[in-house]
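*Asks:* So here's model.txt (compact mmCIF, C-alpha atoms and all ligand atoms).
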```txt
# COMPACT_ATOMS: atom_id res chain seq x y z
CA MET A 1 -66.24 -28.95 43.10
CA LEU A 2 -62.81 -27.52 43.71
CA ASN A 3 -62.54 -25.88 47.05
CA ILE A 4 -59.93 -23.27 46.36
CA ASP A 5 -58.98 -22.87 49.99
CA SER A 6 -58.41 -26.47 50.95
CA LEU A 7 -56.91 -28.87 48.48
CA GLU A 8 -56.86 -32.53 49.44
CA THR A 9 -54.39 -33.60 46.76
CA GLY A 10 -52.88 -31.36 44.14
CA ILE A 11 -50.53 -28.53 43.27
CA VAL A 12 -50.56 -24.89 44.29
CA ILE A 13 -48.58 -22.59 42.03
CA ASP A 14 -48.25 -19.36 43.97
CA HIS A 15 -46.62 -15.94 43.64
CA ILE A 16 -47.24 -15.77 39.91
CA LYS A 17 -46.81 -12.20 38.74
CA ALA A 18 -50.25 -10.58 38.62
CA GLY A 19 -51.78 -11.10 35.20
CA ALA A 20 -49.39 -13.88 34.15
CA SER A 21 -51.53 -16.83 35.24
CA MET A 22 -53.07 -17.43 31.82
CA ARG A 23 -49.62 -17.67 30.26
CA VAL A 24 -48.59 -20.18 32.91
CA TYR A 25 -51.85 -22.04 32.32
CA LYS A 26 -51.09 -22.36 28.61
CA LEU A 27 -47.39 -23.17 28.91
CA LEU A 28 -48.05 -25.96 31.39
CA GLY A 29 -50.70 -27.37 29.07
CA LEU A 30 -53.34 -27.19 31.82
CA ASP A 31 -56.03 -26.72 29.19
CA LYS A 32 -55.39 -30.32 28.18
CA LEU A 33 -56.00 -31.72 31.67
CA ASP A 34 -59.25 -33.34 32.75
CA CYS A 35 -58.90 -32.39 36.41
CA CYS A 36 -60.14 -29.32 38.20
CA VAL A 37 -57.98 -26.22 37.76
CA ALA A 38 -58.59 -22.83 39.35
CA ALA A 39 -56.80 -19.67 38.36
CA ILE A 40 -57.05 -16.84 40.86
CA LYS A 41 -56.15 -13.46 39.51
CA ASN A 42 -54.99 -10.39 41.42
CA ALA A 43 -54.95 -11.98 44.86
CA LYS A 44 -53.49 -9.84 47.62
CA SER A 45 -49.89 -10.64 48.50
CA SER A 46 -47.70 -9.26 51.24
CA LYS A 47 -44.65 -9.73 49.03
CA PHE A 48 -45.85 -8.41 45.66
CA GLY A 49 -48.93 -6.38 46.29
CA ARG A 50 -50.92 -8.43 43.78
CA LYS A 51 -50.27 -11.92 42.51
CA ASP A 52 -51.92 -14.75 40.62
CA ILE A 53 -52.36 -18.28 41.95
CA ILE A 54 -53.17 -21.53 40.16
CA LYS A 55 -54.54 -24.57 41.97
CA ILE A 56 -54.69 -27.97 40.34
CA GLU A 57 -56.73 -30.66 42.02
CA GLY A 58 -56.10 -34.38 42.00
CA ILE A 59 -52.68 -34.75 40.39
CA THR A 60 -49.16 -33.97 41.53
CA ASP A 61 -47.00 -35.14 38.65
CA ILE A 62 -47.03 -32.36 36.06
CA ASP A 63 -43.85 -31.27 34.30
CA LEU A 64 -43.35 -27.85 35.88
CA ASP A 65 -39.82 -27.16 34.57
CA VAL A 66 -40.93 -24.31 32.37
CA LEU A 67 -41.89 -22.28 35.47
CA GLY A 68 -38.17 -21.86 36.20
CA PHE A 69 -37.92 -20.03 32.91
CA ILE A 70 -41.00 -17.85 33.29
CA ASP A 71 -40.30 -16.43 36.73
CA HIS A 72 -38.05 -17.66 39.52
CA ASN A 73 -40.30 -15.98 42.13
CA ILE A 74 -43.06 -18.53 41.50
CA THR A 75 -43.45 -21.09 44.30
CA VAL A 76 -44.89 -24.57 43.96
CA ASP A 77 -46.44 -26.59 46.81
CA ILE A 78 -47.38 -30.23 46.39
CA ILE A 79 -50.37 -31.15 48.57
CA ARG A 80 -51.32 -34.61 49.77
CA GLU A 81 -53.98 -35.35 52.38
CA GLY A 82 -54.48 -31.66 52.87
CA LYS A 83 -50.86 -31.01 53.82
CA ILE A 84 -47.92 -29.48 51.98
CA VAL A 85 -45.63 -32.46 51.45
CA GLU A 86 -43.15 -30.80 49.15
CA LYS A 87 -42.05 -27.29 48.26
CA LYS A 88 -40.64 -27.64 44.76
CA LYS A 89 -37.48 -25.81 43.93
CA LEU A 90 -37.70 -24.29 40.49
CA VAL A 91 -34.72 -24.98 38.28
CA PRO A 92 -34.40 -23.28 34.89
CA PRO A 93 -34.86 -26.01 32.28
CA LYS A 94 -31.91 -26.94 30.06
CA TYR A 95 -34.10 -26.72 26.95
CA LEU A 96 -37.28 -24.85 26.10
CA LYS A 97 -39.24 -26.59 23.39
CA ASN A 98 -41.98 -24.57 21.70
CA VAL A 99 -42.27 -22.17 24.64
CA VAL A 100 -40.96 -19.03 22.99
CA ARG A 101 -40.23 -18.14 19.39
CA CYS A 102 -36.95 -16.99 17.87
CA LYS A 103 -37.22 -13.39 16.73
CA ASN A 104 -34.14 -13.40 14.51
CA PRO A 105 -35.35 -12.71 10.94
CA ARG A 106 -32.23 -14.43 9.60
CA CYS A 107 -33.01 -17.65 11.49
CA ILE A 108 -34.14 -20.75 9.59
CA THR A 109 -37.18 -20.93 11.88
CA SER A 110 -38.39 -17.65 10.37
CA VAL A 111 -38.99 -19.36 7.02
CA GLU A 112 -39.65 -22.96 8.04
CA GLN A 113 -42.63 -22.70 10.31
CA GLY A 114 -42.88 -26.42 11.00
CA LEU A 115 -39.63 -26.58 12.96
CA ASP A 116 -39.69 -26.98 16.71
CA GLN A 117 -38.62 -23.80 18.46
CA ILE A 118 -35.84 -24.96 20.74
CA PHE A 119 -33.81 -22.80 23.08
CA GLN A 120 -30.88 -24.00 25.15
CA LEU A 121 -29.78 -22.63 28.51
CA HIS A 122 -26.31 -21.08 28.62
CA GLU A 123 -24.46 -19.68 31.59
CA VAL A 124 -22.21 -16.82 30.57
CA ASN A 125 -20.07 -15.25 33.28
CA GLY A 126 -22.67 -16.09 35.90
CA THR A 127 -25.74 -14.92 34.01
CA ARG A 128 -28.29 -17.25 32.48
CA GLN A 129 -29.55 -16.89 28.98
CA TYR A 130 -31.52 -18.94 26.51
CA ARG A 131 -30.28 -19.19 22.96
CA CYS A 132 -31.98 -20.50 19.85
CA ILE A 133 -30.22 -23.75 18.95
CA TYR A 134 -30.38 -22.89 15.26
CA CYS A 135 -29.04 -19.34 15.07
CA GLU A 136 -27.72 -18.97 18.67
CA GLN A 137 -29.52 -15.66 19.12
CA GLU A 138 -30.32 -14.94 22.73
CA TYR A 139 -33.97 -14.84 23.76
CA GLN A 140 -34.35 -11.26 24.94
CA SER A 141 -37.67 -10.44 26.54
CA ARG A 142 -38.73 -12.55 29.50
CA GLN A 143 -42.31 -11.60 28.70
CA GLY A 144 -42.33 -12.61 24.98
CA MET B 1 -22.67 -40.13 12.69
CA ARG B 2 -20.58 -36.98 12.81
CA HIS B 3 -21.35 -33.65 11.19
CA LEU B 4 -19.50 -30.35 11.10
CA ILE B 5 -21.95 -27.56 11.83
CA ASP B 6 -20.14 -25.32 14.32
CA PRO B 7 -16.38 -24.69 14.29
CA LEU B 8 -16.25 -25.98 17.86
CA ASP B 9 -17.98 -29.30 17.05
CA PHE B 10 -14.54 -30.91 16.91
CA THR B 11 -12.33 -31.03 19.98
CA LYS B 12 -8.95 -29.36 19.86
CA GLU B 13 -7.33 -32.80 19.46
CA GLU B 14 -9.65 -33.68 16.57
CA VAL B 15 -8.82 -30.39 14.88
CA LEU B 16 -5.10 -31.05 15.24
CA ASP B 17 -5.49 -34.58 13.82
CA LEU B 18 -7.46 -33.17 10.92
CA LEU B 19 -4.79 -30.54 10.23
CA ASP B 20 -2.11 -33.25 10.34
CA LEU B 21 -4.01 -35.16 7.68
CA ALA B 22 -4.51 -31.99 5.63
CA ASP B 23 -0.77 -31.26 5.81
CA ASP B 24 -0.01 -34.77 4.61
CA ILE B 25 -2.47 -34.36 1.75
CA ALA B 26 -0.84 -31.03 0.85
CA ASN B 27 2.54 -32.77 0.59
CA ASP B 28 1.34 -35.29 -1.95
CA ARG B 29 -2.31 -35.16 -2.81
CA PHE B 30 -2.01 -37.79 -5.54
CA ARG B 31 -1.53 -40.48 -2.92
CA TYR B 32 -5.13 -39.76 -1.87
CA GLY B 33 -6.54 -39.93 -5.40
CA GLU B 34 -8.53 -43.14 -4.85
CA VAL B 35 -9.69 -42.76 -1.25
CA CYS B 36 -13.27 -41.79 -2.16
CA ARG B 37 -13.66 -43.92 -5.28
CA GLY B 38 -17.37 -44.64 -5.70
CA LYS B 39 -18.45 -42.01 -3.13
CA LYS B 40 -20.59 -38.97 -3.87
CA LEU B 41 -20.62 -35.50 -2.36
CA ALA B 42 -23.84 -33.49 -2.67
CA THR B 43 -23.31 -29.72 -2.72
CA LEU B 44 -26.61 -28.18 -1.63
CA PHE B 45 -26.10 -24.48 -2.20
CA TYR B 46 -29.25 -22.46 -1.51
CA GLU B 47 -27.32 -19.29 -2.33
CA PRO B 48 -24.49 -18.94 -4.79
CA SER B 49 -20.96 -19.11 -3.45
CA THR B 50 -18.89 -20.25 -6.36
CA ARG B 51 -15.60 -20.17 -4.50
CA THR B 52 -16.72 -22.36 -1.62
CA ARG B 53 -18.60 -24.76 -3.87
CA LEU B 54 -15.63 -25.20 -6.20
CA SER B 55 -13.37 -25.82 -3.23
CA PHE B 56 -15.65 -28.62 -1.98
CA GLU B 57 -16.00 -30.10 -5.45
CA ALA B 58 -12.25 -29.98 -6.10
CA ALA B 59 -11.71 -31.70 -2.74
CA MET B 60 -14.06 -34.57 -3.59
CA LEU B 61 -12.72 -34.92 -7.13
CA ASN B 62 -9.14 -35.00 -5.78
CA LEU B 63 -10.19 -37.91 -3.61
CA GLY B 64 -11.52 -39.84 -6.61
CA GLY B 65 -15.17 -39.29 -5.70
CA SER B 66 -17.91 -37.57 -7.66
CA VAL B 67 -20.16 -34.60 -7.01
CA LEU B 68 -23.76 -33.62 -7.60
CA GLY B 69 -25.93 -30.80 -6.36
CA PHE B 70 -27.41 -27.40 -7.02
CA SER B 71 -25.93 -23.94 -6.75
CA THR B 72 -28.88 -21.59 -6.26
CA ALA B 73 -32.18 -21.90 -4.46
CA ASP B 74 -34.21 -21.39 -7.65
CA SER B 75 -32.69 -24.45 -9.29
CA SER B 76 -33.62 -26.53 -6.26
CA SER B 77 -36.74 -27.96 -4.72
CA ALA B 78 -36.62 -25.12 -2.17
CA SER B 79 -38.20 -22.87 -4.80
CA LYS B 80 -41.17 -25.23 -4.75
CA GLY B 81 -41.38 -24.86 -0.98
CA GLU B 82 -39.72 -28.09 0.11
CA SER B 83 -38.31 -27.96 3.63
CA VAL B 84 -34.63 -28.46 4.39
CA ALA B 85 -35.60 -31.54 6.41
CA ASP B 86 -37.35 -33.17 3.43
CA THR B 87 -34.59 -32.25 1.00
CA ILE B 88 -31.89 -33.81 3.17
CA ARG B 89 -33.93 -36.97 3.72
CA VAL B 90 -34.15 -37.39 -0.05
CA VAL B 91 -30.51 -36.45 -0.71
CA SER B 92 -29.41 -38.95 1.96
CA GLY B 93 -30.44 -41.61 -0.53
CA TYR B 94 -28.46 -40.07 -3.39
CA ALA B 95 -25.11 -39.16 -1.85
CA ASP B 96 -22.68 -40.28 0.88
CA ILE B 97 -21.94 -36.85 2.35
CA CYS B 98 -23.17 -33.32 1.78
CA ALA B 99 -22.03 -29.72 2.07
CA MET B 100 -24.82 -27.21 2.62
CA ARG B 101 -24.77 -23.47 2.09
CA HIS B 102 -27.91 -21.60 3.11
CA PRO B 103 -28.81 -17.93 3.59
CA LYS B 104 -30.68 -18.69 6.83
CA GLU B 105 -28.84 -19.29 10.09
CA GLY B 106 -29.17 -22.80 11.45
CA ALA B 107 -30.31 -24.51 8.20
CA PRO B 108 -27.38 -26.97 8.20
CA LEU B 109 -28.16 -27.86 11.82
CA VAL B 110 -31.73 -28.64 10.79
CA ALA B 111 -30.35 -30.80 7.98
CA SER B 112 -28.06 -32.68 10.36
CA ARG B 113 -31.01 -33.61 12.55
CA TYR B 114 -32.77 -35.38 9.68
CA ALA B 115 -29.81 -36.61 7.61
CA ARG B 116 -28.63 -40.17 7.23
CA ILE B 117 -25.32 -38.87 5.83
CA PRO B 118 -22.73 -36.48 7.33
CA VAL B 119 -23.59 -32.80 6.84
CA ILE B 120 -20.95 -30.11 6.48
CA ASN B 121 -21.96 -26.50 7.07
CA ALA B 122 -20.60 -24.58 4.08
CA GLY B 123 -21.83 -21.26 5.50
CA ASP B 124 -25.22 -20.39 6.99
CA GLY B 125 -26.01 -16.72 6.55
CA GLY B 126 -23.87 -14.56 8.78
CA HIS B 127 -23.61 -17.32 11.33
CA GLN B 128 -20.91 -19.99 10.93
CA HIS B 129 -18.47 -21.11 8.29
CA PRO B 130 -16.44 -23.87 9.94
CA THR B 131 -14.46 -25.02 6.91
CA GLN B 132 -13.15 -21.46 6.51
CA THR B 133 -11.98 -21.62 10.12
CA LEU B 134 -10.19 -24.93 9.54
CA THR B 135 -8.56 -23.41 6.47
CA ASP B 136 -7.39 -20.43 8.52
CA LEU B 137 -5.98 -22.67 11.25
CA MET B 138 -4.15 -24.85 8.74
CA THR B 139 -2.60 -21.82 7.08
CA ILE B 140 -1.53 -20.23 10.37
CA ARG B 141 0.04 -23.48 11.54
CA LEU B 142 1.85 -24.09 8.25
CA ARG B 143 3.19 -20.55 8.16
CA SER B 144 4.06 -20.08 11.83
CA GLY B 145 4.77 -23.70 12.71
CA ARG B 146 2.40 -23.55 15.68
CA LEU B 147 -1.03 -22.47 16.90
CA ASN B 148 0.08 -21.31 20.34
CA ASP B 149 2.04 -18.24 21.49
CA LEU B 150 0.90 -16.02 18.66
CA THR B 151 -0.11 -12.39 18.44
CA ILE B 152 -2.98 -12.26 15.98
CA GLY B 153 -4.05 -8.99 14.40
CA LEU B 154 -7.63 -8.95 13.11
CA CYS B 155 -8.35 -6.06 10.82
CA GLY B 156 -11.44 -4.54 9.25
CA ASP B 157 -15.05 -5.49 9.88
CA LEU B 158 -14.91 -7.32 13.21
CA LYS B 159 -18.57 -6.78 13.97
CA PHE B 160 -20.27 -8.66 11.15
CA GLY B 161 -17.32 -10.75 10.01
CA ARG B 162 -18.28 -14.27 11.01
CA THR B 163 -14.96 -15.75 9.91
CA VAL B 164 -13.24 -13.58 12.49
CA HIS B 165 -15.55 -14.69 15.33
CA SER B 166 -15.14 -18.38 14.52
CA LEU B 167 -11.38 -18.00 14.24
CA MET B 168 -11.20 -16.23 17.61
CA LYS B 169 -13.22 -18.96 19.32
CA SER B 170 -11.04 -21.66 17.82
CA LEU B 171 -7.72 -19.99 18.60
CA ALA B 172 -8.90 -19.29 22.15
CA ARG B 173 -8.36 -23.00 22.84
CA PHE B 174 -4.60 -22.62 22.41
CA GLU B 175 -2.06 -21.32 24.93
CA GLY B 176 -0.45 -17.93 24.69
CA ILE B 177 -2.79 -16.39 22.14
CA ARG B 178 -3.17 -12.62 22.13
CA PHE B 179 -5.54 -10.68 19.90
CA ILE B 180 -5.10 -7.19 18.56
CA MET B 181 -8.32 -5.99 17.04
CA ILE B 182 -7.96 -3.26 14.44
CA SER B 183 -11.20 -1.66 13.34
CA PRO B 184 -13.21 1.55 13.28
CA GLU B 185 -15.27 2.09 16.40
CA GLU B 186 -18.45 1.19 14.47
CA LEU B 187 -17.15 -2.23 13.46
CA ARG B 188 -15.64 -3.52 16.70
CA VAL B 189 -16.27 -7.09 17.83
CA PRO B 190 -19.72 -7.61 19.38
CA ASP B 191 -20.00 -7.58 23.17
CA TYR B 192 -20.74 -11.28 23.40
CA ILE B 193 -17.39 -12.13 21.79
CA ARG B 194 -15.61 -9.75 24.13
CA ASP B 195 -17.44 -11.15 27.18
CA GLU B 196 -17.45 -14.86 26.40
CA VAL B 197 -14.36 -15.47 24.34
CA LEU B 198 -11.95 -12.82 25.52
CA LYS B 199 -12.84 -11.84 29.10
CA GLY B 200 -14.55 -15.16 29.78
CA GLN B 201 -11.46 -17.16 28.92
CA GLY B 202 -8.92 -14.62 30.13
CA ILE B 203 -7.39 -13.95 26.74
CA PRO B 204 -5.33 -10.78 26.45
CA TYR B 205 -6.52 -8.35 23.80
CA THR B 206 -6.13 -4.78 22.62
CA GLU B 207 -8.43 -2.70 20.45
CA VAL B 208 -6.92 -0.08 18.18
CA GLU B 209 -8.03 1.94 15.18
CA THR B 210 -5.00 1.78 12.87
CA MET B 211 -2.77 -1.08 11.84
CA GLU B 212 0.39 1.04 11.76
CA GLU B 213 0.48 1.39 15.55
CA VAL B 214 0.57 -2.37 16.14
CA MET B 215 2.16 -3.77 12.98
CA PRO B 216 5.59 -4.65 14.52
CA GLN B 217 3.92 -6.86 17.16
CA LEU B 218 1.97 -9.10 14.83
CA ASP B 219 2.69 -12.73 13.93
CA ILE B 220 -0.48 -12.96 11.86
CA LEU B 221 -2.46 -10.19 10.17
CA TYR B 222 -5.95 -11.39 9.30
CA MET B 223 -7.59 -8.96 6.89
CA THR B 224 -11.33 -8.77 6.22
CA ARG B 225 -13.52 -6.79 3.90
CA VAL B 226 -14.93 -3.46 5.04
CA GLN B 227 -18.20 -3.22 3.18
CA ARG B 228 -19.80 0.04 2.25
CA GLU B 229 -23.24 -1.09 3.43
CA ARG B 230 -21.96 -1.58 6.99
CA PHE B 231 -21.60 2.15 7.46
CA PHE B 232 -24.32 4.53 8.46
CA ASN B 233 -23.23 7.14 5.99
CA GLU B 234 -21.06 7.57 2.95
CA GLU B 235 -18.70 10.10 4.61
CA ASP B 236 -17.71 7.64 7.32
CA TYR B 237 -17.04 4.99 4.74
CA ILE B 238 -14.91 7.26 2.60
CA ARG B 239 -13.07 8.63 5.65
CA LEU B 240 -12.28 5.16 6.99
CA LYS B 241 -11.91 2.83 4.05
CA ASP B 242 -8.26 3.61 3.30
CA THR B 243 -7.31 3.16 6.94
CA TYR B 244 -8.06 -0.53 6.52
CA VAL B 245 -6.31 -1.08 3.24
CA LEU B 246 -3.01 -2.91 3.52
CA ASP B 247 -0.24 -1.68 1.25
CA ALA B 248 3.53 -1.95 1.02
CA GLN B 249 4.03 1.22 3.02
CA LYS B 250 2.07 -0.07 6.03
CA LEU B 251 3.90 -3.38 5.85
CA LYS B 252 7.30 -1.75 6.31
CA THR B 253 7.41 -2.19 10.07
CA ALA B 254 5.98 -5.73 10.06
CA LYS B 255 7.99 -8.75 11.18
CA GLU B 256 9.71 -10.56 8.35
CA ASN B 257 7.95 -13.80 9.20
CA MET B 258 4.49 -12.30 9.70
CA SER B 259 1.74 -13.85 7.54
CA ILE B 260 -1.14 -12.02 5.91
CA LEU B 261 -4.39 -13.94 5.64
CA HIS B 262 -7.70 -13.02 4.01
CA PRO B 263 -10.74 -15.27 3.53
CA LEU B 264 -11.17 -13.92 -0.05
CA PRO B 265 -12.63 -12.62 -2.20
CA ARG B 266 -10.94 -9.32 -1.52
CA VAL B 267 -12.17 -6.10 -2.99
CA ASN B 268 -9.52 -3.51 -2.25
CA GLU B 269 -8.46 -4.28 1.34
CA ILE B 270 -5.09 -5.52 0.16
CA ALA B 271 -3.26 -3.56 -2.51
CA GLY B 272 -2.05 -5.60 -5.48
CA GLU B 273 1.55 -4.69 -4.67
CA VAL B 274 1.36 -6.85 -1.53
CA ASP B 275 0.65 -10.03 -3.52
CA ASP B 276 4.32 -10.55 -4.32
CA ASP B 277 5.44 -10.02 -0.73
CA PRO B 278 6.51 -13.36 0.80
CA ARG B 279 4.28 -12.59 3.78
CA ALA B 280 1.15 -12.75 1.62
CA ALA B 281 -0.49 -16.09 2.45
CA TYR B 282 -4.01 -15.63 1.10
CA PHE B 283 -3.72 -17.50 -2.17
CA GLU B 284 -1.98 -20.34 -0.40
CA GLN B 285 -4.84 -20.17 2.14
CA ALA B 286 -7.39 -20.72 -0.65
CA GLN B 287 -5.37 -23.73 -1.83
CA ASN B 288 -5.21 -25.07 1.74
CA GLY B 289 -9.00 -24.86 1.82
CA VAL B 290 -9.15 -27.72 -0.68
CA TYR B 291 -6.75 -29.87 1.36
CA VAL B 292 -8.56 -29.26 4.62
CA ARG B 293 -11.89 -30.14 2.97
CA MET B 294 -10.33 -33.35 1.62
CA ALA B 295 -9.23 -34.24 5.15
CA LEU B 296 -12.67 -33.36 6.50
CA ILE B 297 -14.52 -35.51 3.95
CA MET B 298 -12.24 -38.43 4.81
CA LYS B 299 -12.77 -37.97 8.53
CA LEU B 300 -16.56 -37.70 8.32
CA LEU B 301 -16.76 -40.73 6.02
CA GLY B 302 -14.41 -42.66 8.30
CA LEU B 303 -11.95 -43.29 5.46
CA THR B 304 -8.19 -43.60 5.69
CA LEU B 305 -5.43 -43.93 3.14
ZN ZN C 1 -33.10 -18.68 15.83
```
Would you put the structure from the file into structure tokens?
*Replies:*
Amino acid sequence: MLNIDSLETGIVIDHIKAGASMRVYKLLGLDKLDCCVAAIKNAKSSKFGRKDIIKIEGITDIDLDVLGFIDHNITVDIIREGKIVEKKKLVPPKYLKNVVRCKNPRCITSVEQGLDQIFQLHEVNGTRQYRCIYCEQEYQSRQG
Amino acid sequence: MRHLIDPLDFTKEEVLDLLDLADDIANDRFRYGEVCRGKKLATLFYEPSTRTRLSFEAAMLNLGGSVLGFSTADSSSASKGESVADTIRVVSGYADICAMRHPKEGAPLVASRYARIPVINAGDGGHQHPTQTLTDLMTIRLRSGRLNDLTIGLCGDLKFGRTVHSLMKSLARFEGIRFIMISPEELRVPDYIRDEVLKGQGIPYTEVETMEEVMPQLDILYMTRVQRERFFNEEDYIRLKDTYVLDAQKLKTAKENMSILHPLPRVNEIAGEVDDDPRAAYFEQAQNGVYVRMALIMKLLGLTL
């Protein structure tokens, strides 16, 4: 049984925007894991009012890069022996592979469905944006 | 293996080397008549563009090579639903290099990721057309003797005109470039070009609505088509179309050594009377397109004289 209050070893993904935990769950591929995962929706938060939390028990080495794309407010704690041993800093990933889809109807990915959807991070005058590597169109909605 | 997908795939130095080779070819192309003996160029044109295809084919034939390919999607395996990736894997076994034209943006990039031969982007939708950019650069350098310290006037459809965007990005690498953008309000350059290329790289620019007011300042006047379908309504088109037509009268105040470029085909943006003016460089530009493509094929195949 996963005790959602006290993890022995695992990962706590906190301050997820309320309602977004299932998206995080899918993007991290947590459905493919064998270990115990708990998603807590609409928890009370002093910072946000309401938030979602995900707790993963037993493993600490998941690729969490995509979280830096979804929402930079998300925090990640790595737990070992019941203690927080690391607070992960979220860095926006250089590439997003099959995370979001290009919406440009003129893009080759609109007709060739088998292609990987790849977006590359660009910094333009201090602002970050992701662009489709094929057509260079910027990914617009952060919710998409 | 190298490909040419984006006009900025080559460094500034590589572009200059390529233009040197193209200039040498232009001086005596017959010296290069055997360089590609036994080599094949595949022209994979998923949409018709006779001018560009002929330019590529002339380039390969001038080098002593041969050409094969298709010129519309319905004569190709694409009409049977074959992916670009599969087509290029097959063609890699038939040819030594390929030029791909495709209506969808990014198709040549897809091809380059699966190809065993160099891929040249011969135009992907409204996205990139790097060999046009090389042609423009070659023509500007031949006419002006340099690619730095130039005032470049860009006239017409600056919003959708991909040749203009690629040219701006490429010229932005040279010192002392200044752009004067001449267009109706509706067809001004997109914000991302203004932010990234112009403001981002500190390049001086002006935006005006008529060419007469800036004509005496220009070293280069790059004309583009103003297409009827770009306008919201017919009145705007009719009101504005003549403003962006170059004729002898408007040329009166231009510098004597200014050059007029146009990616062709033109419709009516340049009056016929301008063709005989020594400043008209657009037919020469089309000819240069063959030389620059010859140089490019040689470079990508790693061949020298
Ligand atoms: Zn795209």
*Asks:* Kindly provide the residues of chain A that approach ligand ZN 1 (chain C) to within 6 Å, each paired with its closest atom pair and their distance in Å to one decimal, based on all atoms listed in the file, listed by chain and increasing number, as a Markdown table.
*Replies:*
```
| residue | atom | partner | partner_atom | distance |
| --- | --- | --- | --- | --- |
| A:Cys102 | CA | C:ZN1 | ZN | 4.7 |
| A:Asn104 | CA | C:ZN1 | ZN | 5.5 |
| A:Cys107 | CA | C:ZN1 | ZN | 4.5 |
| A:Cys132 | CA | C:ZN1 | ZN | 4.6 |
| A:Tyr134 | CA | C:ZN1 | ZN | 5.0 |
| A:Cys135 | CA | C:ZN1 | ZN | 4.2 |
| A:Gln137 | CA | C:ZN1 | ZN | 5.7 |
```
*Asks:* Would you kindly return, as JSON, numbers by chain, each protein, DNA or RNA residue with an atom no farther than 12 Å from any atom of Lys103 in chain A, considering only C-alpha atoms and excluding same-chain residues fewer than 3 positions away?
*Replies:* {"A": [100, 106, 107, 108, 109, 110, 111, 117, 119, 131, 132, 134, 135, 136, 137, 138, 139, 140, 141, 144]}
*Asks:* For Thr206 in chain B, which residue among B:Glu235, B:Gly156, B:Thr151, B:Leu171 is the nearest when counting only C-alpha atoms?
*Replies:*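 Looking only at the distances to Thr206 in chain B, the closest residue turns out to be B:Thr151.
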*Asks:* Just to confirm, what's the straight-line distance from CA of Val189 in chain B to CA of Asn148 in chain B in Å (one decimal)?
*Replies:*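 Pair CA of Val189 in chain B / CA of Asn148 in chain B returns 21.8 Å.
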*Asks:* Take CA of Ser183 in chain B and CA of Thr210 in chain B and report the distance between them in Å, one decimal.
*Replies:*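 Separation between CA of Ser183 in chain B and CA of Thr210 in chain B: 7.1 Å.
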*Asks:* Could you tell me how far CA of Ile117 in chain B sits from CA of Gly93 in chain B, in Å to one decimal place?
*Replies:*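 Those two atoms sit 8.6 Å apart.
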*Asks:* So which one's closest to chain A, B:Arg225, B:Arg113, B:Arg146, B:Lys159? Using all atoms listed in the file, please.
*Replies:*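 For chain A, the nearest of the candidates is B:Arg113.
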*Asks:* Excluding Lys94 in chain A and residues on its chain fewer than 5 positions from it, collect all residues at most 12 Å away from it, counting only C-alpha atoms, and give them as a PyMOL selection string.
*Replies:* chain A and resi 65-66+68-69+118-123+128-131+133
*Asks:* Please determine the residues with any atom at most 8 Å from (-51.8, -21.5, 45.4) (coordinates as given in the file, with only C-alpha atoms counting) and report them as number ranges by chain.
*Replies:* A: 11-15, 53-55, 76-77
